[in-house]
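A.B. asks: This is the content of my_file.cif (mmCIF, C-alpha atoms):
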```cif
data_coords
loop_
_atom_site.label_atom_id
_atom_site.label_comp_id
_atom_site.auth_asym_id
_atom_site.auth_seq_id
_atom_site.Cartn_x
_atom_site.Cartn_y
_atom_site.Cartn_z
CA MET A 14 -24.54 -12.04 13.95
CA THR A 15 -22.33 -15.11 14.21
CA ILE A 16 -20.44 -16.74 11.37
CA VAL A 17 -18.56 -20.02 11.21
CA LEU A 18 -16.11 -20.38 8.35
CA ARG A 19 -15.01 -23.95 7.59
CA ASN A 20 -12.61 -25.85 5.35
CA GLY A 21 -10.41 -22.92 4.35
CA HIS A 22 -6.61 -22.82 4.37
CA LEU A 23 -5.90 -20.36 7.17
CA ILE A 24 -2.74 -18.28 7.01
CA ASP A 25 -2.12 -15.87 9.87
CA PRO A 26 1.56 -15.02 10.38
CA ALA A 27 0.74 -13.22 13.64
CA GLN A 28 -0.27 -16.57 15.19
CA GLY A 29 1.80 -18.93 13.08
CA LEU A 30 -1.36 -20.48 11.62
CA ASP A 31 -0.88 -22.20 8.26
CA GLY A 32 -3.22 -25.03 7.35
CA ALA A 33 -6.79 -26.20 6.99
CA GLY A 34 -8.92 -24.68 9.73
CA TRP A 35 -11.92 -22.69 10.90
CA LEU A 36 -12.98 -19.26 12.09
CA HIS A 37 -15.73 -18.15 14.41
CA VAL A 38 -16.96 -14.56 14.11
CA LYS A 39 -19.32 -12.93 16.57
CA ASP A 40 -20.63 -9.38 16.28
CA GLY A 41 -17.83 -8.30 13.95
CA ILE A 42 -15.02 -9.71 16.11
CA ILE A 43 -12.97 -12.88 15.78
CA ALA A 44 -14.28 -15.16 18.54
CA GLY A 45 -12.05 -18.13 17.76
CA ALA A 46 -9.78 -19.65 15.13
CA GLY A 47 -7.83 -22.83 14.79
CA LEU A 48 -6.57 -25.63 12.59
CA GLY A 49 -8.62 -28.74 11.98
CA THR A 50 -12.40 -28.90 12.45
CA PRO A 51 -14.35 -26.39 14.53
CA PRO A 52 -15.52 -27.40 18.01
CA ALA A 53 -18.77 -29.35 18.09
CA GLY A 54 -21.93 -27.34 18.62
CA LEU A 55 -20.48 -23.99 17.52
CA ALA A 56 -23.53 -21.80 16.86
CA ALA A 57 -23.75 -19.74 13.68
CA ASP A 58 -26.24 -17.55 11.87
CA GLU A 59 -24.22 -18.14 8.69
CA THR A 60 -21.83 -20.91 7.71
CA ILE A 61 -19.27 -20.23 4.98
CA ASP A 62 -17.61 -23.11 3.16
CA ALA A 63 -14.13 -21.92 2.17
CA SER A 64 -13.03 -25.16 0.50
CA GLY A 65 -10.20 -24.54 -1.95
CA LEU A 66 -9.56 -21.01 -0.70
CA PHE A 67 -6.91 -19.30 1.35
CA VAL A 68 -8.36 -17.46 4.35
CA THR A 69 -6.18 -14.64 5.63
CA PRO A 70 -6.48 -11.46 7.66
CA GLY A 71 -7.85 -8.60 5.58
CA PHE A 72 -5.11 -6.85 3.63
CA ILE A 73 -4.01 -3.36 4.68
CA ASP A 74 -2.75 -0.88 2.07
CA LEU A 75 -0.49 1.74 3.60
CA HIS A 76 -0.40 3.99 0.55
CA VAL A 77 -3.52 4.93 -1.40
CA HIS A 78 -4.58 8.08 -3.22
CA LEU A 79 -8.38 8.32 -3.08
CA ARG A 80 -8.33 11.74 -4.79
CA GLU A 81 -11.36 13.00 -2.87
CA PRO A 82 -11.81 15.84 -2.13
CA GLY A 83 -10.85 17.72 -5.26
CA GLU A 84 -10.14 15.25 -8.06
CA GLU A 85 -13.26 13.10 -8.11
CA SER A 86 -12.94 12.59 -11.88
CA LYS A 87 -10.00 10.26 -11.13
CA GLU A 88 -11.31 8.44 -8.05
CA THR A 89 -13.65 8.93 -5.13
CA ILE A 90 -13.66 7.47 -1.65
CA GLU A 91 -16.49 5.20 -2.78
CA THR A 92 -14.88 3.93 -6.00
CA GLY A 93 -11.52 3.58 -4.29
CA CYS A 94 -13.04 1.53 -1.51
CA ARG A 95 -14.86 -0.63 -4.05
CA ALA A 96 -11.52 -1.30 -5.71
CA ALA A 97 -9.99 -2.02 -2.31
CA VAL A 98 -12.43 -4.71 -1.22
CA ARG A 99 -12.36 -6.29 -4.68
CA GLY A 100 -8.60 -6.59 -4.25
CA GLY A 101 -8.92 -8.05 -0.73
CA PHE A 102 -7.96 -4.83 1.08
CA THR A 103 -10.11 -4.23 4.14
CA SER A 104 -8.22 -1.11 5.27
CA VAL A 105 -6.60 1.67 3.24
CA VAL A 106 -4.42 4.58 4.31
CA SER A 107 -5.38 7.67 2.31
CA MET A 108 -2.60 10.08 1.46
CA PRO A 109 -2.96 13.85 1.92
CA ASN A 110 -2.34 15.21 -1.59
CA THR A 111 -6.01 16.04 -2.11
CA LEU A 112 -7.50 19.42 -3.08
CA PRO A 113 -7.58 20.92 -0.49
CA PRO A 114 -4.81 18.89 1.15
CA ILE A 115 -5.39 17.14 4.46
CA ASP A 116 -3.79 19.91 6.53
CA HIS A 117 -6.86 20.82 8.58
CA ALA A 118 -9.21 18.89 10.85
CA ALA A 119 -12.21 19.73 8.65
CA VAL A 120 -10.78 17.75 5.74
CA VAL A 121 -10.08 14.77 8.01
CA LYS A 122 -13.64 14.89 9.29
CA PHE A 123 -15.02 15.01 5.74
CA ILE A 124 -13.02 11.93 4.73
CA ASN A 125 -14.09 10.04 7.85
CA LEU A 126 -17.76 10.90 7.33
CA GLU A 127 -17.67 9.93 3.66
CA ALA A 128 -15.92 6.65 4.46
CA GLN A 129 -18.63 5.91 7.03
CA ARG A 130 -21.32 6.65 4.46
CA VAL A 131 -19.68 4.41 1.87
CA ASN A 132 -19.30 1.66 4.50
CA LEU A 133 -16.90 -0.59 2.59
CA ALA A 134 -13.21 -0.59 3.60
CA ASN A 135 -11.75 1.09 6.68
CA VAL A 136 -10.20 4.42 5.64
CA PHE A 137 -7.35 5.85 7.72
CA PRO A 138 -6.40 9.39 6.65
CA VAL A 139 -2.85 10.75 6.71
CA GLY A 140 -2.38 14.42 7.53
CA CYS A 141 0.09 16.83 6.00
CA ILE A 142 3.46 17.54 7.57
CA SER A 143 3.39 21.14 6.32
CA ARG A 144 0.58 23.56 5.60
CA GLY A 145 -0.51 23.16 2.00
CA ARG A 146 2.24 20.55 1.50
CA THR A 147 4.52 23.46 0.64
CA GLY A 148 7.35 22.60 3.04
CA GLY A 149 7.20 26.04 4.62
CA GLU A 150 5.75 25.57 8.10
CA LEU A 151 4.40 22.67 10.09
CA ALA A 152 0.73 21.87 9.94
CA ASP A 153 -1.09 21.64 13.27
CA ILE A 154 -0.16 18.01 13.90
CA GLY A 155 -1.93 17.85 17.25
CA GLU A 156 -5.20 19.04 15.70
CA LEU A 157 -4.86 16.52 12.88
CA VAL A 158 -4.22 13.67 15.30
CA SER A 159 -7.25 14.67 17.36
CA ALA A 160 -9.32 14.59 14.17
CA GLY A 161 -8.16 11.05 13.44
CA VAL A 162 -5.07 10.94 11.23
CA VAL A 163 -2.81 7.90 11.66
CA ALA A 164 0.39 9.51 10.33
CA VAL A 165 1.72 12.67 8.70
CA SER A 166 3.29 13.04 5.27
CA ASP A 167 3.75 15.52 2.44
CA ASP A 168 3.68 12.54 0.07
CA GLY A 169 4.67 13.43 -3.48
CA SER A 170 6.29 16.63 -2.23
CA PRO A 171 9.60 15.65 -0.60
CA LEU A 172 10.39 17.69 2.49
CA MET A 173 13.67 19.34 1.55
CA ASP A 174 14.02 21.41 4.75
CA SER A 175 15.95 19.20 7.17
CA GLY A 176 15.10 21.43 10.11
CA LEU A 177 11.39 21.12 9.39
CA MET A 178 11.74 17.35 9.07
CA ARG A 179 13.47 17.22 12.45
CA ARG A 180 10.63 19.17 14.07
CA ALA A 181 8.03 17.00 12.34
CA MET A 182 9.63 13.86 13.76
CA GLU A 183 9.76 15.41 17.23
CA TYR A 184 6.11 16.45 17.12
CA ALA A 185 4.98 13.13 15.66
CA ARG A 186 6.87 11.31 18.39
CA MET A 187 4.76 13.12 20.99
CA PHE A 188 1.65 11.56 19.43
CA ASN A 189 3.27 8.18 18.65
CA ILE A 190 2.53 8.34 14.94
CA PRO A 191 4.92 7.77 12.04
CA VAL A 192 6.22 10.36 9.62
CA ILE A 193 5.80 8.92 6.12
CA GLU A 194 8.33 10.30 3.69
CA HIS A 195 8.63 10.22 -0.09
CA CYS A 196 12.41 10.19 -0.22
CA GLU A 197 13.65 12.24 -3.14
CA ASP A 198 16.18 15.06 -3.36
CA THR A 199 14.58 17.38 -5.88
CA MET A 200 17.96 19.02 -6.51
CA LEU A 201 19.28 15.67 -7.75
CA ASN A 202 16.33 14.28 -9.67
CA ASN A 203 17.36 15.97 -12.91
CA ALA A 204 13.69 16.64 -13.77
CA GLY A 205 13.79 13.03 -14.83
CA VAL A 206 10.90 10.90 -16.05
CA MET A 207 12.43 7.42 -15.68
CA ASN A 208 15.38 5.72 -14.02
CA GLU A 209 18.79 7.06 -15.01
CA GLY A 210 20.70 4.29 -16.76
CA VAL A 211 21.20 2.42 -19.99
CA TYR A 212 17.54 2.53 -20.97
CA SER A 213 17.06 6.24 -20.33
CA THR A 214 20.05 6.85 -22.61
CA LYS A 215 18.68 4.57 -25.32
CA LEU A 216 15.23 6.16 -25.16
CA GLY A 217 16.46 9.73 -24.98
CA LEU A 218 14.55 10.41 -21.76
CA ARG A 219 15.82 12.36 -18.77
CA GLY A 220 16.81 10.01 -15.97
CA VAL A 221 16.31 10.13 -12.19
CA PRO A 222 19.45 8.79 -10.49
CA THR A 223 19.09 6.36 -7.61
CA ALA A 224 21.18 8.84 -5.62
CA ALA A 225 18.21 11.22 -5.50
CA GLU A 226 16.35 8.67 -3.38
CA ASP A 227 19.33 7.37 -1.46
CA VAL A 228 20.51 10.78 -0.23
CA MET A 229 17.12 11.51 1.33
CA ILE A 230 16.81 8.06 2.86
CA ALA A 231 20.20 8.62 4.50
CA ARG A 232 19.17 12.06 5.80
CA ASN A 233 15.88 10.81 7.19
CA LEU A 234 17.49 7.83 8.88
CA ILE A 235 19.96 10.17 10.58
CA LEU A 236 17.13 12.38 11.80
CA ALA A 237 15.08 9.42 12.98
CA GLU A 238 18.05 8.13 14.95
CA TYR A 239 18.70 11.57 16.40
CA THR A 240 15.11 12.36 17.40
CA GLY A 241 13.87 8.87 18.23
CA GLY A 242 10.87 9.55 16.01
CA ARG A 243 9.02 6.95 13.96
CA LEU A 244 10.02 7.09 10.30
CA HIS A 245 8.20 5.19 7.55
CA ILE A 246 9.84 5.28 4.13
CA ALA A 247 7.33 5.11 1.31
CA HIS A 248 7.79 3.06 -1.87
CA VAL A 249 11.50 2.27 -1.46
CA SER A 250 12.98 1.42 -4.87
CA THR A 251 16.78 1.17 -4.69
CA ALA A 252 19.28 -1.46 -3.59
CA SER A 253 21.26 1.15 -1.66
CA GLY A 254 18.11 2.33 0.08
CA VAL A 255 17.19 -1.09 1.46
CA ARG A 256 20.80 -1.66 2.51
CA MET A 257 20.76 1.56 4.56
CA ILE A 258 17.39 0.67 6.07
CA ARG A 259 18.61 -2.81 7.00
CA ASP A 260 21.68 -1.33 8.70
CA ALA A 261 19.58 1.27 10.53
CA LYS A 262 17.20 -1.37 11.84
CA ALA A 263 20.16 -3.35 13.13
CA ARG A 264 21.20 -0.25 15.11
CA GLY A 265 17.73 0.08 16.60
CA VAL A 266 16.51 3.04 14.55
CA ASN A 267 12.71 3.27 14.63
CA VAL A 268 12.20 2.90 10.87
CA THR A 269 9.81 0.92 8.70
CA CYS A 270 9.35 0.86 4.95
CA GLU A 271 7.11 -0.34 2.15
CA VAL A 272 7.55 -1.57 -1.43
CA THR A 273 5.10 -1.59 -4.33
CA PRO A 274 4.13 -4.55 -6.52
CA HIS A 275 5.37 -2.68 -9.61
CA HIS A 276 8.83 -2.09 -8.16
CA LEU A 277 8.97 -5.77 -7.16
CA THR A 278 8.07 -7.11 -10.60
CA LEU A 279 9.03 -4.54 -13.26
CA THR A 280 12.23 -2.75 -14.31
CA ASP A 281 13.20 0.25 -16.41
CA ALA A 282 13.51 -2.10 -19.39
CA THR A 283 9.70 -2.19 -19.58
CA VAL A 284 9.60 1.51 -20.47
CA CYS A 285 10.99 0.76 -23.93
CA ASP A 286 7.60 1.15 -25.66
CA TYR A 287 7.08 4.60 -24.10
CA ASP A 288 3.89 3.31 -22.47
CA THR A 289 2.94 5.94 -19.89
CA ASN A 290 1.34 3.27 -17.68
CA PHE A 291 4.93 2.44 -16.76
CA LYS A 292 5.66 5.99 -15.57
CA MET A 293 5.63 6.52 -11.82
CA SER A 294 7.59 8.17 -9.02
CA PRO A 295 9.94 6.77 -7.92
CA PRO A 296 10.56 5.32 -11.36
CA LEU A 297 11.01 1.66 -12.19
CA ARG A 298 14.64 0.86 -11.44
CA ALA A 299 17.25 -1.53 -12.83
CA GLU A 300 17.12 -5.30 -12.39
CA GLN A 301 19.69 -5.26 -9.58
CA ASP A 302 17.46 -2.88 -7.62
CA ARG A 303 14.36 -5.02 -8.22
CA ALA A 304 16.20 -8.15 -7.05
CA ALA A 305 17.41 -6.34 -3.92
CA LEU A 306 13.84 -5.31 -3.12
CA VAL A 307 12.61 -8.90 -3.37
CA ALA A 308 15.44 -10.09 -1.12
CA ALA A 309 14.71 -7.34 1.42
CA LEU A 310 11.02 -8.24 1.44
CA ALA A 311 11.87 -11.89 1.97
CA ASP A 312 14.26 -11.23 4.87
CA GLY A 313 11.90 -8.82 6.63
CA THR A 314 13.84 -5.61 6.02
CA ILE A 315 10.82 -4.34 4.09
CA ASP A 316 7.78 -4.33 6.37
CA ALA A 317 4.90 -3.97 3.97
CA ILE A 318 3.64 -4.25 0.42
CA ALA A 319 1.74 -1.06 -0.45
CA THR A 320 0.22 -0.24 -3.81
CA ASP A 321 0.74 3.55 -4.06
CA HIS A 322 -2.63 3.39 -5.84
CA ALA A 323 -2.55 6.57 -7.95
CA PRO A 324 -5.57 6.94 -10.24
CA HIS A 325 -5.33 9.17 -13.31
CA SER A 326 -7.78 9.96 -16.07
CA ALA A 327 -6.94 9.23 -19.70
CA THR A 328 -6.07 12.90 -20.26
CA GLY A 329 -3.24 12.55 -17.76
CA LYS A 330 -1.75 9.47 -19.39
CA ASP A 331 -2.58 9.63 -23.11
CA VAL A 332 0.17 12.17 -23.81
CA GLU A 333 3.90 12.14 -24.53
CA PHE A 334 5.91 10.24 -21.92
CA ASP A 335 7.67 13.41 -20.75
CA GLN A 336 4.33 15.10 -20.12
CA ALA A 337 2.39 12.18 -18.60
CA ALA A 338 1.33 12.09 -14.97
CA ASN A 339 3.24 9.85 -12.58
CA GLY A 340 1.47 6.90 -11.01
CA VAL A 341 -0.39 3.63 -11.51
CA ILE A 342 -3.36 2.03 -9.80
CA GLY A 343 -2.79 -1.17 -7.88
CA MET A 344 -5.35 -2.34 -5.34
CA GLU A 345 -7.09 -4.74 -7.72
CA THR A 346 -3.83 -6.22 -9.02
CA ALA A 347 -1.51 -6.33 -5.99
CA LEU A 348 -2.40 -9.82 -4.78
CA PRO A 349 -2.33 -11.60 -8.15
CA VAL A 350 0.82 -9.86 -9.37
CA VAL A 351 2.91 -10.53 -6.26
CA TYR A 352 1.50 -14.02 -5.71
CA THR A 353 2.03 -15.07 -9.35
CA ARG A 354 5.43 -13.51 -10.03
CA LEU A 355 7.08 -13.93 -6.64
CA VAL A 356 5.36 -16.63 -4.59
CA ARG A 357 4.46 -19.15 -7.28
CA GLU A 358 7.84 -18.69 -8.95
CA GLY A 359 9.63 -19.45 -5.68
CA HIS A 360 11.13 -16.05 -4.87
CA LEU A 361 9.02 -15.30 -1.77
CA PRO A 362 7.39 -17.57 0.82
CA LEU A 363 3.60 -17.33 0.85
CA ALA A 364 3.49 -16.58 4.58
CA ARG A 365 5.93 -13.71 4.09
CA MET A 366 3.73 -12.19 1.38
CA ILE A 367 0.71 -12.41 3.68
CA ALA A 368 2.68 -10.86 6.55
CA ALA A 369 3.66 -7.93 4.33
CA LEU A 370 -0.02 -7.36 3.50
CA THR A 371 -1.36 -7.80 7.05
CA THR A 372 0.77 -7.91 10.19
CA GLY A 373 3.48 -5.65 8.77
CA PRO A 374 1.26 -2.70 7.86
CA ALA A 375 -0.81 -3.17 11.04
CA ARG A 376 2.38 -2.84 13.06
CA VAL A 377 3.39 0.32 11.16
CA LEU A 378 0.03 1.88 12.06
CA GLY A 379 -0.03 0.56 15.62
CA LYS A 380 -3.39 -1.11 14.92
CA THR A 381 -3.40 -4.10 17.28
CA GLY A 382 -6.90 -5.19 16.24
CA LYS A 383 -6.00 -5.41 12.56
CA GLY A 384 -3.87 -7.72 10.45
CA THR A 385 -4.59 -10.93 12.38
CA LEU A 386 -7.23 -13.63 12.87
CA ALA A 387 -6.50 -13.83 16.58
CA PRO A 388 -9.39 -13.82 19.06
CA HIS A 389 -10.71 -10.30 19.86
CA ALA A 390 -9.32 -8.87 16.59
CA ASP A 391 -11.65 -7.17 14.12
CA ALA A 392 -13.20 -9.68 11.73
CA ASP A 393 -11.52 -8.27 8.61
CA ILE A 394 -11.04 -11.34 6.42
CA THR A 395 -9.92 -12.00 2.85
CA MET A 396 -10.78 -15.27 1.09
CA TRP A 397 -8.96 -15.95 -2.16
CA ASP A 398 -8.22 -18.64 -4.73
CA GLY A 399 -4.58 -19.39 -5.48
CA GLN A 400 -5.14 -22.18 -8.01
CA THR A 401 -7.25 -20.77 -10.84
CA SER A 402 -5.60 -18.76 -13.60
CA TYR A 403 -7.26 -15.68 -15.07
CA GLN A 404 -6.36 -12.60 -17.10
CA ILE A 405 -6.22 -9.11 -15.60
CA ASN A 406 -8.80 -6.96 -17.39
CA ALA A 407 -8.50 -3.25 -16.66
CA SER A 408 -11.90 -2.52 -18.21
CA ALA A 409 -13.52 -4.54 -15.40
CA PHE A 410 -11.84 -2.63 -12.57
CA HIS A 411 -14.00 -1.10 -9.85
CA SER A 412 -11.63 1.88 -9.72
CA LYS A 413 -12.61 4.87 -11.84
CA SER A 414 -9.21 4.79 -13.51
CA ARG A 415 -7.48 2.26 -15.78
CA ASN A 416 -3.82 3.28 -15.59
CA THR A 417 -2.22 -0.09 -14.87
CA PRO A 418 0.94 -1.69 -16.31
CA PHE A 419 -0.52 -5.15 -15.65
CA ASN A 420 -3.45 -5.22 -18.06
CA GLY A 421 -3.56 -8.54 -19.90
CA TRP A 422 -1.27 -10.41 -17.51
CA GLN A 423 -2.17 -14.05 -16.91
CA VAL A 424 -2.19 -14.50 -13.14
CA PHE A 425 -3.30 -16.53 -10.14
CA GLY A 426 -4.83 -15.14 -6.96
CA ARG A 427 -8.44 -14.04 -7.33
CA VAL A 428 -10.30 -12.65 -4.33
CA HIS A 429 -13.57 -14.49 -3.74
CA ARG A 430 -14.93 -12.73 -0.68
CA THR A 431 -13.93 -9.81 1.53
CA LEU A 432 -15.38 -9.25 4.99
CA VAL A 433 -14.93 -6.03 6.95
CA GLY A 434 -16.01 -6.10 10.57
CA GLY A 435 -17.71 -9.44 9.95
CA HIS A 436 -19.85 -8.11 7.09
CA THR A 437 -19.37 -9.21 3.49
CA LYS A 438 -18.34 -6.20 1.39
CA TYR A 439 -17.35 -8.03 -1.80
CA THR A 440 -18.07 -11.36 -3.42
CA ALA A 441 -16.57 -12.40 -6.73
CA GLU A 442 -18.62 -12.12 -9.87
CA ALA A 443 -19.91 -15.43 -11.17
#
```
Kindly present the structure from the file in structure tokens form.
C.D. replies:
Amino acid sequence: MTIVLRNGHLIDPAQGLDGAGWLHVKDGIIAGAGLGTPPAGLAADETIDASGLFVTPGFIDLHVHLREPGEESKETIETGCRAAVRGGFTSVVSMPNTLPPIDHAAVVKFINLEAQRVNLANVFPVGCISRGRTGGELADIGELVSAGVVAVSDDGSPLMDSGLMRRAMEYARMFNIPVIEHCEDTMLNNAGVMNEGVYSTKLGLRGVPTAAEDVMIARNLILAEYTGGRLHIAHVSTASGVRMIRDAKARGVNVTCEVTPHHLTLTDATVCDYDTNFKMSPPLRAEQDRAALVAALADGTIDAIATDHAPHSATGKDVEFDQAANGVIGMETALPVVYTRLVREGHLPLARMIAALTTGPARVLGKTGKGTLAPHADADITMWDGQTSYQINASAFHSKSRNTPFNGWQVFGRVHRTLVGGHTKYTAEA
């Protein structure tokens, strides 16, 4: 199967492509790409006219909760992958806080087989650092890697034992995979439900201080520098955190990090209506933190935009704010929210946004065939419209869940077509 795509605006930060151009796909692989018109006589079984659309490498989401196995009422691998391709994500990294957790090869194999059956987005499982995500003893990291995990993490359950974290980094280094860490000192988080500050005081809600995140970022950076292991910091949310990461990178520490669309565009001020769709962990921070995150994304300190897609049923959210589950969904809103609020408003270059959705996460995972339109790369392609305004409608989501803080936003950036391995997996509704 050969495809020629014409007349699109190609953006591929890995190659420095940015302009009107063409793509040639053969048997699921990029056979050629360039600016201008395609070479004469280029054979194709299908020709796609991408006039008026951006054409980019398929987006990669480093942080997704697919909930299967164990909590299929919230999301399944199939519904999560449907949400992914609708949002332009061709690859998702599934976190291990399932039931049972991904601490055994059998669970990895189940996820891989189900993802193959669904046949939509690429699914890359993450294994647990510790058995049962309890922080007590290391999981069998070698067995998990052999089964196909791309990283290890106890995501959502911060690893408080520094000795165990050191050993995890040493083991992960042997297999050249990153340790992904939710950085939070549970002894400092004050059992909080939002950011500690002026608004938590006004609302009478317990606050989580930024120090709870910063202390653990500092510890993990020290251990990464000491062991030489690969550290990936999930959903960074504080100004101090990105400052420490920037300094560590300058010293040569092997660290990467991600930021979510909600931490880039919202602050703790938005919690004022007690809407539980604005409750997540880490919590929405103050404006100075949000601005620091945008600056760190723009200057390359932050490697990737990741959604931390966390589906919840209505029973988990339609309760008092104190009692509500943490987390929001994000794969179907990431592109329009970041593009509208940051790129179109002049806070972030378009190419930098695309890099943070493609080349950055591919580099974190060590996936050389992903995140680019270069010849011989996998033909994972996202085509999207940056000119037409529309309203986010949570009731139309392909995800099983509806817990989004962005419902009703007027945005730009609608995905028109998503190809995975050269096969169309999503086309926009008429």
A.B. asks: List the spatial neighbours of A:Asn110 as a list in words - criterion: any atom at most 10 Å away, all atoms listed in the file, same-chain residues fewer than 3 positions off excluded.
C.D. replies: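 The filter keeps His78, Leu79, Arg80, Glu81, Pro82, Gly83, Ser107, Pro113, Pro114, Ile115, Asp116, Val139, Gly140, Cys141, Gly145, Arg146, Ser166, Asp167, Asp168, Gly169 and Ser170 of chain A.
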A.B. asks: When you count all atoms listed in the file, which of these residues is closest to A:Pro418: A:Thr371, A:Thr280, A:Asn208, A:Asn125?
C.D. replies: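 With all atoms listed in the file as the atom set, the closest residue is A:Thr280.
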A.B. asks: So, with all atoms listed in the file as the atoms that count, which of A:Ala252, A:Val211, A:Val424, A:Met200 lies closest to A:Arg354?
C.D. replies: A:Val424
A.B. asks: Can you tell me, as number ranges by chain, what residues are no more than 9 Å from A:Glu271 when counting all atoms listed in the file, ignoring any on the same chain fewer than 4 positions away?
C.D. replies: A: 75-76, 245-249, 310, 315-319, 369, 374
A.B. asks: Write out as a tab-separated table (two decimals) with C-alpha atoms, keeping the file's coordinate frame which residues come within 10 Å of A:Trp422 when counting all atoms listed in the file, dropping same-chain ones fewer than 4 positions away.
C.D. replies:
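Heads up, here's the output in around.tsv:
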```tsv
chain	number	residue	atom	x	y	z
A	346	THR	CA	-3.83	-6.22	-9.02
A	349	PRO	CA	-2.33	-11.60	-8.15
A	350	VAL	CA	0.82	-9.86	-9.37
A	353	THR	CA	2.03	-15.07	-9.35
A	403	TYR	CA	-7.26	-15.68	-15.07
A	404	GLN	CA	-6.36	-12.60	-17.10
A	405	ILE	CA	-6.22	-9.11	-15.60
A	406	ASN	CA	-8.80	-6.96	-17.39
A	418	PRO	CA	0.94	-1.69	-16.31
```
A.B. asks: Calculate how many Å separate atom CA of A:Val105 from atom CA of A:Gly41, rounding to one decimal.
C.D. replies: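 Calculated distance between atom CA of A:Val105 and atom CA of A:Gly41 is 18.4 Å.
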A.B. asks: If we count only C-alpha atoms, what is near A:Phe334 at a cut-off of 12 Å, once residues fewer than 5 positions away on the same chain are taken out, given as a PyMOL selection string?
C.D. replies: chain A and resi 205-207+213+216-219+284-293+329+339
A.B. asks: I'd like to see the residues matched by the PyMOL selection byres ((chain A and resi 154-165) around 7) on this file, and ideally I'd get them as a list of chain:residue names.
C.D. replies: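 Selection result, ordered by chain and number: A:His117, A:Ala118, A:Val121, A:Lys122, A:Phe137, A:Pro138, A:Val139, A:Gly140, A:Cys141, A:Ile142, A:Ala152, A:Asp153, A:Ser166, A:Ile190, A:Pro191, A:Val192, A:Ile193, A:Leu378.
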A.B. asks: Atom CA of A:Ser412 to atom CA of A:Val77: how many Å, to one decimal?
C.D. replies: 12.0 Å
A.B. asks: Tell me which of A:Thr223, A:Thr69, A:Thr199, A:Ser86 sits closest to A:Thr103, counting only C-alpha atoms.
C.D. replies: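 That would be A:Thr69, the residue with the smallest distance to A:Thr103.
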A.B. asks: Spell out the residues picked by the PyMOL selection byres ((chain A and resi 21) around 10) here, as a list in words.
C.D. replies: Leu18, Arg19, Asn20, His22, Leu23, Ile24, Gly32, Ala33, Gly34, Trp35, Leu36, Leu48, Gly49, Ile61, Asp62, Ala63, Ser64, Gly65, Leu66, Phe67, Val68, Thr69, Met396 and Trp397 of chain A
A.B. asks: Could you expand the PyMOL selection byres ((chain A and resi 356-362) around 9) into the explicit residues it covers here, written as a list in words?
C.D. replies: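 That expression, the PyMOL selection byres ((chain A and resi 356-362) around 9), corresponds here to Val307, Ala308, Leu310, Ala311, Val351, Tyr352, Thr353, Arg354, Leu355, Leu363, Ala364, Arg365, Met366, Ile367 and Phe425 of chain A.
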A.B. asks: From the set A:Ala128, A:Ile42, A:Ala323, A:Ala304, which residue has the shortest atom-to-atom contact distance to A:Pro388, counting all atoms listed in the file?
C.D. replies: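 Among the listed residues, A:Ile42 lies closest to A:Pro388.
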A.B. asks: Work out how far apart atom CA of A:Asp281 and atom CA of A:Asn420 are and give it in Å to one decimal.
C.D. replies: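 Separation of atom CA of A:Asp281 and atom CA of A:Asn420: 17.6 Å.
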A.B. asks: Pull the neighbourhood of (13.7, 8.4, 15.0) for me: all residues within 10 Å in file coordinates, counting only C-alpha atoms, as a list in words.
C.D. replies: Arg179, Met182, Glu183, Ala185, Arg186, Pro191, Val192, Asn233, Leu234, Ile235, Leu236, Ala237, Glu238, Tyr239, Thr240, Gly241, Gly242, Arg243, Leu244, His245, Gly265, Val266, Asn267 and Val268 of chain A
A.B. asks: Please determine, counting only C-alpha atoms, which residue among A:Leu172, A:Arg264, A:Ser253, A:Ala299 has the shortest atom-to-atom distance to A:Gly220.
C.D. replies: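 The closest residue to A:Gly220 is A:Ala299.
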A.B. asks: What residues have an atom no more than 7 Å from (10.9, 3.2, -10.0) in the file's own frame, counting only C-alpha atoms, and can you write them as a PyMOL selection string?
C.D. replies: chain A and resi 208+250+276+293-298
A.B. asks: Name the closest residue to A:Val255 among the candidates A:Thr89, A:Ala305, A:Glu209, A:His275; distances are taken between atoms, counting only C-alpha atoms.
C.D. replies: A:Ala305
